[in-house]
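Data first, discussion second: the structure below is written as structure tokens.
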Amino acid sequence: MSVVKITDKLKHVYKHVNYQIAVGRNQKGNEHIIDHYFFVKERCYWFHLANSSSEHIILYLEKDIDKRDLINIFKDIKMDITAKKKDDVMFCKLEDVVKTKTPGLVTCNNKTLMSDEGWVKQV
């Protein structure tokens, strides 16, 4: 499967056949990718380290994919994020992300944690 990488000052975008992964490179980049993908928020997931400062990652599904494939993508994203810092990864649907007054800072409703021990749903 071919992957196209597009990079600018704010973000990296990896375009796959059925989905895109956008990674904010800084606070402005994190804000930018949330705003950019918010118009298709029902087809997007947002990822972040659970207890550390890190880049925001958006997974945009261009079309429905098998749940097993989706879980594998989630695991790949977790492995990539935690390669830099050892931490759990939280994720939620982008429609559950709420921006705050502080640039780059968001809250996330209905989030799920991914840890090495397994998945723990948070309320």
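Naming scheme: A, B, ... for chains in displayed order of the structure tokens; residues 1 onward per chain; ligands 1 onward as shown.
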### Query
If you run DSSP on the backbone, which residues of stretch 11-45 of chain A are strand (DSSP E), as number ranges by chain?
A: 11-15, 19-24, 44-45
Compile a residue-level contact table for stretch 65-123 of chain A against stretch 20-26 of chain A at a cut-off of 10 Å, reporting for every qualifying residue the shortest atom pair and its distance in Å to one decimal, with only C-alpha atoms counted, rows ordered by chain and ascending number, as JSON lines.
{"residue": "A:Ile73", "atom": "CA", "partner": "A:Ile21", "partner_atom": "CA", "distance": 9.9}
{"residue": "A:Ile77", "atom": "CA", "partner": "A:Ile21", "partner_atom": "CA", "distance": 9.0}
{"residue": "A:Gly104", "atom": "CA", "partner": "A:Asn26", "partner_atom": "CA", "distance": 8.0}
### Task
Compile the contact shell of stretch 87-102 of chain A as a ChimeraX atom specification: residues with an atom at most 6 Å away, counting only C-alpha atoms, same-chain residues fewer than 4 positions apart removed.
/A:41,44-50,106-109,111-115
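With distances taken over only C-alpha atoms, A:Arg43 is the one residue among A:Arg43, A:Val17, A:Gly29, A:Ile81 lying closest to A:Asp64.
Here the residues within chain A that DSSP labels alpha helix (DSSP H) on the basis of the backbone are Gln27, Lys28, Gly29, Asn30, Glu31, His32, Ile33, Ile34, Asp35, His36, Tyr37, Lys67, Arg68, Asp69, Leu70, Ile71, Asn72, Ile73, Phe74, Lys75, Asp76, Ile77, Lys78, Met79, Asp80, Ile81 and Thr82 of chain A.
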Any chance you could export the current selection's C-alpha atoms as a short mmCIF file (atom, residue, chain, number, x, y, z; two decimals), in the first residue's frame?
data_model
loop_
_atom_site.label_atom_id
_atom_site.label_comp_id
_atom_site.auth_asym_id
_atom_site.auth_seq_id
_atom_site.Cartn_x
_atom_site.Cartn_y
_atom_site.Cartn_z
CA GLN A 27 0.44 24.36 18.98
CA LYS A 28 -0.65 26.15 15.80
CA GLY A 29 -0.43 22.90 13.87
CA ASN A 30 -2.56 21.10 16.47
CA GLU A 31 -5.21 23.84 16.17
CA HIS A 32 -4.96 23.77 12.38
CA ILE A 33 -5.59 20.04 11.97
CA ILE A 34 -8.57 20.13 14.35
CA ASP A 35 -10.10 23.02 12.40
CA HIS A 36 -9.24 21.49 9.01
CA TYR A 37 -10.87 18.11 9.70
CA LYS A 67 -13.22 -2.85 12.45
CA ARG A 68 -10.20 -5.17 12.68
CA ASP A 69 -8.30 -2.89 10.27
CA LEU A 70 -9.34 0.15 12.29
CA ILE A 71 -8.01 -1.44 15.50
CA ASN A 72 -4.71 -2.20 13.74
CA ILE A 73 -4.44 1.44 12.63
CA PHE A 74 -5.11 2.54 16.23
CA LYS A 75 -2.36 0.21 17.48
CA ASP A 76 0.08 1.53 14.86
CA ILE A 77 -0.66 5.12 15.87
CA LYS A 78 -0.17 4.22 19.55
CA MET A 79 3.17 2.53 18.82
CA ASP A 80 4.35 5.57 16.86
CA ILE A 81 3.35 8.05 19.58
CA THR A 82 4.74 6.02 22.47
#
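Straight-line separation from atom CA of A:Glu62 to atom CA of A:Lys11: 18.8 Å.
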Need the shell around A:Asn18: protein/DNA/RNA residues with any atom at most 7 Å away, counting only C-alpha atoms. Skip same-chain ones fewer than 2 positions apart. Format as a tab-separated table (two decimals) with N, CA and C atoms, in the first residue's frame?
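Everything below was put into part.tsv:
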chain	number	residue	atom	x	y	z
A	16	HIS	N	-3.13	7.58	2.86
A	16	HIS	CA	-3.22	6.17	2.50
A	16	HIS	C	-4.38	6.01	1.54
A	61	LEU	N	-11.05	8.83	8.18
A	61	LEU	CA	-11.44	7.67	7.37
A	61	LEU	C	-12.19	8.16	6.13
A	62	GLU	N	-11.59	7.97	4.98
A	62	GLU	CA	-12.22	8.42	3.74
A	62	GLU	C	-13.42	7.56	3.38
A	63	LYS	N	-13.40	6.31	3.82
A	63	LYS	CA	-14.56	5.44	3.63
A	63	LYS	C	-14.55	4.42	4.76
### Task
Report the distance between atom CA of A:Ile57 and atom CA of A:Tyr19 in Å, rounded to one decimal place.
12.9 Å
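Across the model, the gap from atom CA of A:Asn110 to atom CA of A:Ala83 is 25.0 Å.
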